[in-house]
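Reproduced below: model_36.pdb, with PDB, C-alpha atoms and all ligand atoms.
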```pdb
ATOM      1  CA  MET A 514      96.088  70.004  79.825  1.00  0.00           C
ATOM      2  CA  ALA A 515      98.606  71.770  77.664  1.00  0.00           C
ATOM      3  CA  ILE A 516     102.031  73.288  77.968  1.00  0.00           C
ATOM      4  CA  ARG A 517     101.809  77.047  77.460  1.00  0.00           C
ATOM      5  CA  LYS A 518     104.510  79.362  76.179  1.00  0.00           C
ATOM      6  CA  VAL A 519     106.389  81.150  78.978  1.00  0.00           C
ATOM      7  CA  VAL A 520     106.615  84.911  78.479  1.00  0.00           C
ATOM      8  CA  LYS A 521     110.194  86.193  78.631  1.00  0.00           C
ATOM      9  CA  ILE A 522     111.613  89.302  80.249  1.00  0.00           C
ATOM     10  CA  GLY A 523     111.335  92.347  78.004  1.00  0.00           C
ATOM     11  CA  GLU A 524     107.708  91.614  77.095  1.00  0.00           C
ATOM     12  CA  THR A 525     105.282  94.165  78.566  1.00  0.00           C
ATOM     13  CA  SER A 526     102.783  91.676  80.036  1.00  0.00           C
ATOM     14  CA  LEU A 527     105.353  90.711  82.697  1.00  0.00           C
ATOM     15  CA  ARG A 528     105.350  94.313  83.946  1.00  0.00           C
ATOM     16  CA  LYS A 529     101.611  94.762  84.334  1.00  0.00           C
ATOM     17  CA  LYS A 530      99.564  94.427  87.496  1.00  0.00           C
ATOM     18  CA  SER A 531      97.303  91.387  87.325  1.00  0.00           C
ATOM     19  CA  LYS A 532      93.584  91.582  88.108  1.00  0.00           C
ATOM     20  CA  PRO A 533      91.873  89.524  90.823  1.00  0.00           C
ATOM     21  CA  VAL A 534      90.289  86.217  89.837  1.00  0.00           C
ATOM     22  CA  LYS A 535      86.513  86.518  90.147  1.00  0.00           C
ATOM     23  CA  ASP A 536      85.237  83.423  88.364  1.00  0.00           C
ATOM     24  CA  PHE A 537      86.185  80.083  89.876  1.00  0.00           C
ATOM     25  CA  ASP A 538      85.037  78.162  86.841  1.00  0.00           C
ATOM     26  CA  GLU A 539      86.316  75.790  84.149  1.00  0.00           C
ATOM     27  CA  GLY A 540      88.307  78.613  82.555  1.00  0.00           C
ATOM     28  CA  LEU A 541      90.335  79.043  85.759  1.00  0.00           C
ATOM     29  CA  TRP A 542      90.759  75.280  86.238  1.00  0.00           C
ATOM     30  CA  GLU A 543      92.068  74.881  82.703  1.00  0.00           C
ATOM     31  CA  LEU A 544      94.493  77.763  83.263  1.00  0.00           C
ATOM     32  CA  LEU A 545      95.738  76.220  86.538  1.00  0.00           C
ATOM     33  CA  ASP A 546      96.091  72.743  84.999  1.00  0.00           C
ATOM     34  CA  ASP A 547      98.079  74.211  82.112  1.00  0.00           C
ATOM     35  CA  MET A 548     100.243  76.261  84.479  1.00  0.00           C
ATOM     36  CA  LYS A 549     100.963  73.132  86.540  1.00  0.00           C
ATOM     37  CA  GLU A 550     101.960  71.167  83.450  1.00  0.00           C
ATOM     38  CA  THR A 551     104.073  74.054  82.143  1.00  0.00           C
ATOM     39  CA  MET A 552     105.854  74.475  85.494  1.00  0.00           C
ATOM     40  CA  TYR A 553     106.758  70.765  85.678  1.00  0.00           C
ATOM     41  CA  HIS A 554     107.743  70.712  82.008  1.00  0.00           C
ATOM     42  CA  CYS A 555     110.127  73.646  82.577  1.00  0.00           C
ATOM     43  CA  ASP A 556     111.403  72.201  85.873  1.00  0.00           C
ATOM     44  CA  GLY A 557     110.312  75.297  87.801  1.00  0.00           C
ATOM     45  CA  MET A 558     109.371  75.691  91.475  1.00  0.00           C
ATOM     46  CA  GLY A 559     106.571  78.109  90.696  1.00  0.00           C
ATOM     47  CA  LEU A 560     104.706  79.859  87.922  1.00  0.00           C
ATOM     48  CA  ALA A 561     102.444  82.901  87.927  1.00  0.00           C
ATOM     49  CA  ALA A 562      99.614  83.466  85.426  1.00  0.00           C
ATOM     50  CA  PRO A 563     101.249  86.566  83.848  1.00  0.00           C
ATOM     51  CA  GLN A 564     104.165  84.292  82.897  1.00  0.00           C
ATOM     52  CA  VAL A 565     101.828  82.537  80.495  1.00  0.00           C
ATOM     53  CA  GLY A 566     100.383  85.860  79.357  1.00  0.00           C
ATOM     54  CA  VAL A 567      97.255  85.840  81.543  1.00  0.00           C
ATOM     55  CA  LEU A 568      96.973  88.924  83.760  1.00  0.00           C
ATOM     56  CA  ARG A 569      95.089  87.260  86.614  1.00  0.00           C
ATOM     57  CA  ARG A 570      96.161  86.771  90.239  1.00  0.00           C
ATOM     58  CA  ALA A 571      96.838  83.023  90.181  1.00  0.00           C
ATOM     59  CA  VAL A 572     100.034  81.107  90.936  1.00  0.00           C
ATOM     60  CA  VAL A 573     101.113  77.490  91.165  1.00  0.00           C
ATOM     61  CA  ILE A 574     103.995  76.342  93.347  1.00  0.00           C
ATOM     62  CA  ASP A 575     105.780  73.089  94.047  1.00  0.00           C
ATOM     63  CA  VAL A 576     108.436  73.202  96.730  1.00  0.00           C
ATOM     64  CA  ASN A 577     109.602  69.831  98.137  1.00  0.00           C
ATOM     65  CA  ASN A 578     106.949  67.883  96.199  1.00  0.00           C
ATOM     66  CA  ALA A 579     104.055  69.786  97.748  1.00  0.00           C
ATOM     67  CA  TYR A 580     101.912  71.222  94.966  1.00  0.00           C
ATOM     68  CA  VAL A 581      99.795  74.245  95.854  1.00  0.00           C
ATOM     69  CA  GLU A 582      97.593  76.697  93.972  1.00  0.00           C
ATOM     70  CA  LEU A 583      97.188  80.251  95.285  1.00  0.00           C
ATOM     71  CA  ILE A 584      94.390  82.390  93.887  1.00  0.00           C
ATOM     72  CA  ASN A 585      94.303  86.083  94.857  1.00  0.00           C
ATOM     73  CA  PRO A 586      97.165  85.581  97.355  1.00  0.00           C
ATOM     74  CA  VAL A 587      98.020  88.263  99.909  1.00  0.00           C
ATOM     75  CA  ILE A 588     100.959  88.201 102.325  1.00  0.00           C
ATOM     76  CA  LEU A 589      99.572  88.641 105.841  1.00  0.00           C
ATOM     77  CA  THR A 590     102.759  88.465 107.900  1.00  0.00           C
ATOM     78  CA  SER A 591     106.459  87.995 107.295  1.00  0.00           C
ATOM     79  CA  LYS A 592     109.286  87.186 109.666  1.00  0.00           C
ATOM     80  CA  GLY A 593     113.056  87.153 109.533  1.00  0.00           C
ATOM     81  CA  GLU A 594     115.376  87.382 106.576  1.00  0.00           C
ATOM     82  CA  ASP A 595     117.027  84.932 104.234  1.00  0.00           C
ATOM     83  CA  THR A 596     119.356  85.420 101.269  1.00  0.00           C
ATOM     84  CA  GLU A 597     119.588  82.868  98.458  1.00  0.00           C
ATOM     85  CA  GLU A 598     120.127  82.807  94.712  1.00  0.00           C
ATOM     86  CA  GLU A 599     116.927  82.854  92.687  1.00  0.00           C
ATOM     87  CA  GLY A 600     116.103  82.195  89.092  1.00  0.00           C
ATOM     88  CA  CYS A 601     112.972  82.624  87.027  1.00  0.00           C
ATOM     89  CA  LEU A 602     111.526  80.811  84.006  1.00  0.00           C
ATOM     90  CA  SER A 603     110.900  84.246  82.440  1.00  0.00           C
ATOM     91  CA  VAL A 604     114.472  85.450  82.938  1.00  0.00           C
ATOM     92  CA  GLY A 605     116.557  82.618  81.524  1.00  0.00           C
ATOM     93  CA  LYS A 606     119.892  81.434  82.898  1.00  0.00           C
ATOM     94  CA  PHE A 607     120.727  84.317  85.235  1.00  0.00           C
ATOM     95  CA  ARG A 608     120.572  83.570  88.933  1.00  0.00           C
ATOM     96  CA  GLY A 609     121.017  86.280  91.554  1.00  0.00           C
ATOM     97  CA  ARG A 610     120.821  86.764  95.291  1.00  0.00           C
ATOM     98  CA  VAL A 611     117.589  88.155  96.703  1.00  0.00           C
ATOM     99  CA  VAL A 612     116.818  88.984 100.322  1.00  0.00           C
ATOM    100  CA  ARG A 613     113.413  87.561 101.278  1.00  0.00           C
ATOM    101  CA  PRO A 614     111.581  86.876 104.550  1.00  0.00           C
ATOM    102  CA  MET A 615     112.468  83.562 106.245  1.00  0.00           C
ATOM    103  CA  GLN A 616     108.793  82.931 106.927  1.00  0.00           C
ATOM    104  CA  VAL A 617     105.572  84.266 105.445  1.00  0.00           C
ATOM    105  CA  THR A 618     101.902  83.582 106.030  1.00  0.00           C
ATOM    106  CA  VAL A 619      99.766  84.010 102.946  1.00  0.00           C
ATOM    107  CA  LYS A 620      95.993  84.220 102.643  1.00  0.00           C
ATOM    108  CA  ALA A 621      94.629  82.895  99.369  1.00  0.00           C
ATOM    109  CA  GLN A 622      91.718  81.069  97.743  1.00  0.00           C
ATOM    110  CA  ASP A 623      91.783  77.610  96.210  1.00  0.00           C
ATOM    111  CA  ARG A 624      90.431  76.785  92.722  1.00  0.00           C
ATOM    112  CA  PHE A 625      86.886  76.598  94.103  1.00  0.00           C
ATOM    113  CA  GLY A 626      87.084  79.978  95.848  1.00  0.00           C
ATOM    114  CA  PHE A 627      87.552  78.701  99.400  1.00  0.00           C
ATOM    115  CA  GLU A 628      89.844  80.865 101.493  1.00  0.00           C
ATOM    116  CA  PHE A 629      92.804  79.408 103.382  1.00  0.00           C
ATOM    117  CA  THR A 630      96.089  80.515 104.904  1.00  0.00           C
ATOM    118  CA  LEU A 631      99.468  78.927 104.302  1.00  0.00           C
ATOM    119  CA  THR A 632     102.620  79.510 106.301  1.00  0.00           C
ATOM    120  CA  GLY A 633     105.877  78.712 104.564  1.00  0.00           C
ATOM    121  CA  GLU A 634     109.511  78.874 105.577  1.00  0.00           C
ATOM    122  CA  LYS A 635     112.731  79.244 103.618  1.00  0.00           C
ATOM    123  CA  TRP A 636     112.144  78.104  99.986  1.00  0.00           C
ATOM    124  CA  LEU A 637     108.361  77.974 100.220  1.00  0.00           C
ATOM    125  CA  ALA A 638     108.343  81.505 101.705  1.00  0.00           C
ATOM    126  CA  ARG A 639     110.764  82.647  98.990  1.00  0.00           C
ATOM    127  CA  CYS A 640     108.773  81.061  96.214  1.00  0.00           C
ATOM    128  CA  MET A 641     105.474  82.542  97.432  1.00  0.00           C
ATOM    129  CA  CYS A 642     107.056  86.032  97.584  1.00  0.00           C
ATOM    130  CA  HIS A 643     108.604  85.619  94.122  1.00  0.00           C
ATOM    131  CA  GLU A 644     105.330  84.493  92.529  1.00  0.00           C
ATOM    132  CA  ILE A 645     103.214  87.142  94.278  1.00  0.00           C
ATOM    133  CA  ASP A 646     105.692  89.758  92.992  1.00  0.00           C
ATOM    134  CA  HIS A 647     104.915  88.545  89.444  1.00  0.00           C
ATOM    135  CA  LEU A 648     101.262  89.490  90.010  1.00  0.00           C
ATOM    136  CA  ASP A 649     102.387  93.073  90.561  1.00  0.00           C
ATOM    137  CA  GLY A 650     104.757  93.159  87.601  1.00  0.00           C
ATOM    138  CA  ILE A 651     107.871  92.795  89.765  1.00  0.00           C
ATOM    139  CA  LEU A 652     110.708  90.465  88.737  1.00  0.00           C
ATOM    140  CA  PHE A 653     113.437  89.089  91.002  1.00  0.00           C
ATOM    141  CA  VAL A 654     116.140  90.903  89.035  1.00  0.00           C
ATOM    142  CA  ASP A 655     114.619  94.219  90.234  1.00  0.00           C
ATOM    143  CA  LYS A 656     115.376  93.236  93.838  1.00  0.00           C
ATOM    144  CA  SER A 657     118.533  91.205  93.302  1.00  0.00           C
ATOM    145  CA  LEU A 658     121.755  92.134  95.047  1.00  0.00           C
ATOM    146  CA  ASP A 659     123.375  91.127  91.743  1.00  0.00           C
ATOM    147  CA  LYS A 660     121.278  93.459  89.575  1.00  0.00           C
ATOM    148  CA  GLU A 661     124.315  95.519  88.471  1.00  0.00           C
ATOM    149  CA  LYS A 662     126.159  92.415  87.317  1.00  0.00           C
ATOM    150  CA  TYR A 663     123.043  91.272  85.468  1.00  0.00           C
ATOM    151  CA  ILE A 664     122.705  94.588  83.625  1.00  0.00           C
ATOM    152  CA  LYS A 665     126.443  94.770  82.904  1.00  0.00           C
ATOM    153  CA  ASN A 666     126.176  91.388  81.192  1.00  0.00           C
ATOM    154  CA  GLY A 667     123.422  92.688  78.931  1.00  0.00           C
ATOM    155  CA  GLY A 668     120.435  91.458  80.948  1.00  0.00           C
ATOM    156  CA  LYS A 669     117.045  92.937  80.109  1.00  0.00           C
ATOM    157  CA  ILE A 670     114.830  94.589  82.705  1.00  0.00           C
TER     158      ILE A 670
HETATM  159 ZN    ZN B 701     109.565  84.102  88.234  1.00  0.00          ZN
END
```

In structure tokens, write the structure found in this file.
Ligand code: ZN
Amino acid sequence: MAIRKVVKIGETSLRKKSKPVKDFDEGLWELLDDMKETMYHCDGMGLAAPQVGVLRRAVVIDVNNAYVELINPVILTSKGEDTEEEGCLSVGKFRGRVVRPMQVTVKAQDRFGFEFTLTGEKWLARCMCHEIDHLDGILFVDKSLDKEKYIKNGGKI
């Protein structure tokens, strides 16, 4: 396992759409292990592969000490609404309010390719939405209610 460099906002790879994972092999497992180590090292709640410069649809999440890997995740259903301040390892210190669903159910594959669904509420739902956005080149600042303030203070998009 190794800690990888986290790509920062302003770099083009964060804005690209990631490709589906097709090979559930040692290359993927090494990527996931490195992402896990990098996320814990940076004290993050989640990390998406494009944040370490790999344009593949893979994310790791740890909300409330429950580690989960989502490969090729898709949001099946979402319910309700919740507003909280978010941050991102690729954005730096800025935190801003984002409206997200209160509950989402996500379909994904594990590191061996087996499909499963996961329903999360509140922070798990928020984190899954945030990380899945990364796979489509979307950053939380794009959706933040505090986007104007962020830009006014010189924040990059
Ligand atoms: Zn992020």

Among A:Val612, A:Ile522, A:Cys640, A:Leu560, Asn577 in chain A is approached most closely, using only C-alpha atoms, by A:Cys640

Go through the chains and note each residue within 12 Å of ligand ZN 701 (chain B), using only C-alpha atoms and all ligand atoms, then give the set as a PyMOL selection string.
chain A and resi 519-522+527-528+552+555+557-565+572-574+599-608+639-655

#### Entry: Residues selected by the PyMOL selection byres (((chain A and resi 621-636) around 6) and not hetatm), written as JSON, numbers by chain
{"A": [537, 583, 584, 585, 586, 615, 616, 617, 618, 619, 620, 637, 638, 639, 640]}

Include C-alpha atoms and write out the residues we just selected as a JSON list (two decimals), keeping the file's coordinate frame.
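Saved file part_11.json follows:
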```json
[["chain", "number", "residue", "atom", "x", "y", "z"],
["A", 537, "PHE", "CA", 86.18, 80.08, 89.88],
["A", 583, "LEU", "CA", 97.19, 80.25, 95.28],
["A", 584, "ILE", "CA", 94.39, 82.39, 93.89],
["A", 585, "ASN", "CA", 94.30, 86.08, 94.86],
["A", 586, "PRO", "CA", 97.16, 85.58, 97.36],
["A", 615, "MET", "CA", 112.47, 83.56, 106.24],
["A", 616, "GLN", "CA", 108.79, 82.93, 106.93],
["A", 617, "VAL", "CA", 105.57, 84.27, 105.44],
["A", 618, "THR", "CA", 101.90, 83.58, 106.03],
["A", 619, "VAL", "CA", 99.77, 84.01, 102.95],
["A", 620, "LYS", "CA", 95.99, 84.22, 102.64],
["A", 637, "LEU", "CA", 108.36, 77.97, 100.22],
["A", 638, "ALA", "CA", 108.34, 81.50, 101.70],
["A", 639, "ARG", "CA", 110.76, 82.65, 98.99],
["A", 640, "CYS", "CA", 108.77, 81.06, 96.21]]
```

Calculated over only C-alpha atoms, which of the candidates A:Asp546, A:Val611, A:Asn666, A:His554 has the smallest distance to Val581 in chain A?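 So, comparing all the options, the nearest one is A:Asp546.
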
I'd like the box whose edges run along x, y and z of the file and which contains every listed atom of range 532-535 of chain A, padded by 3 Å per side; could you state its centre and edge lengths in Å, one decimal, as AutoDock Vina command-line options?
```
--center_x 90.0 --center_y 88.9 --center_z 89.5 --size_x 13.1 --size_y 11.4 --size_z 8.7
```

Query raised in the report: Separation of CA of Arg570 in chain A and CA of Glu550 in chain A, in Å?
Result: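 CA of Arg570 in chain A sits 18.0 Å away from CA of Glu550 in chain A.
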
Across A:Ser657, A:Ser531, A:Thr551, A:Thr596, the smallest distance to Ile670 in chain A, with all atoms listed in the file counted, is shown by A:Ser657

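CA of Glu543 in chain A to CA of Arg517 in chain A spans 11.3 Å [interatomic distance, one decimal].
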
A straight line from CA of Arg610 in chain A to CA of Gly668 in chain A spans 15.1 Å

Let me make sure I understand: among A:Val567, A:Gly667, A:Leu544, A:Asp595, which one has the smallest atom-to-atom distance to Glu582 in chain A if we use all atoms listed in the file?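 So, comparing all the options, the nearest one is A:Leu544.
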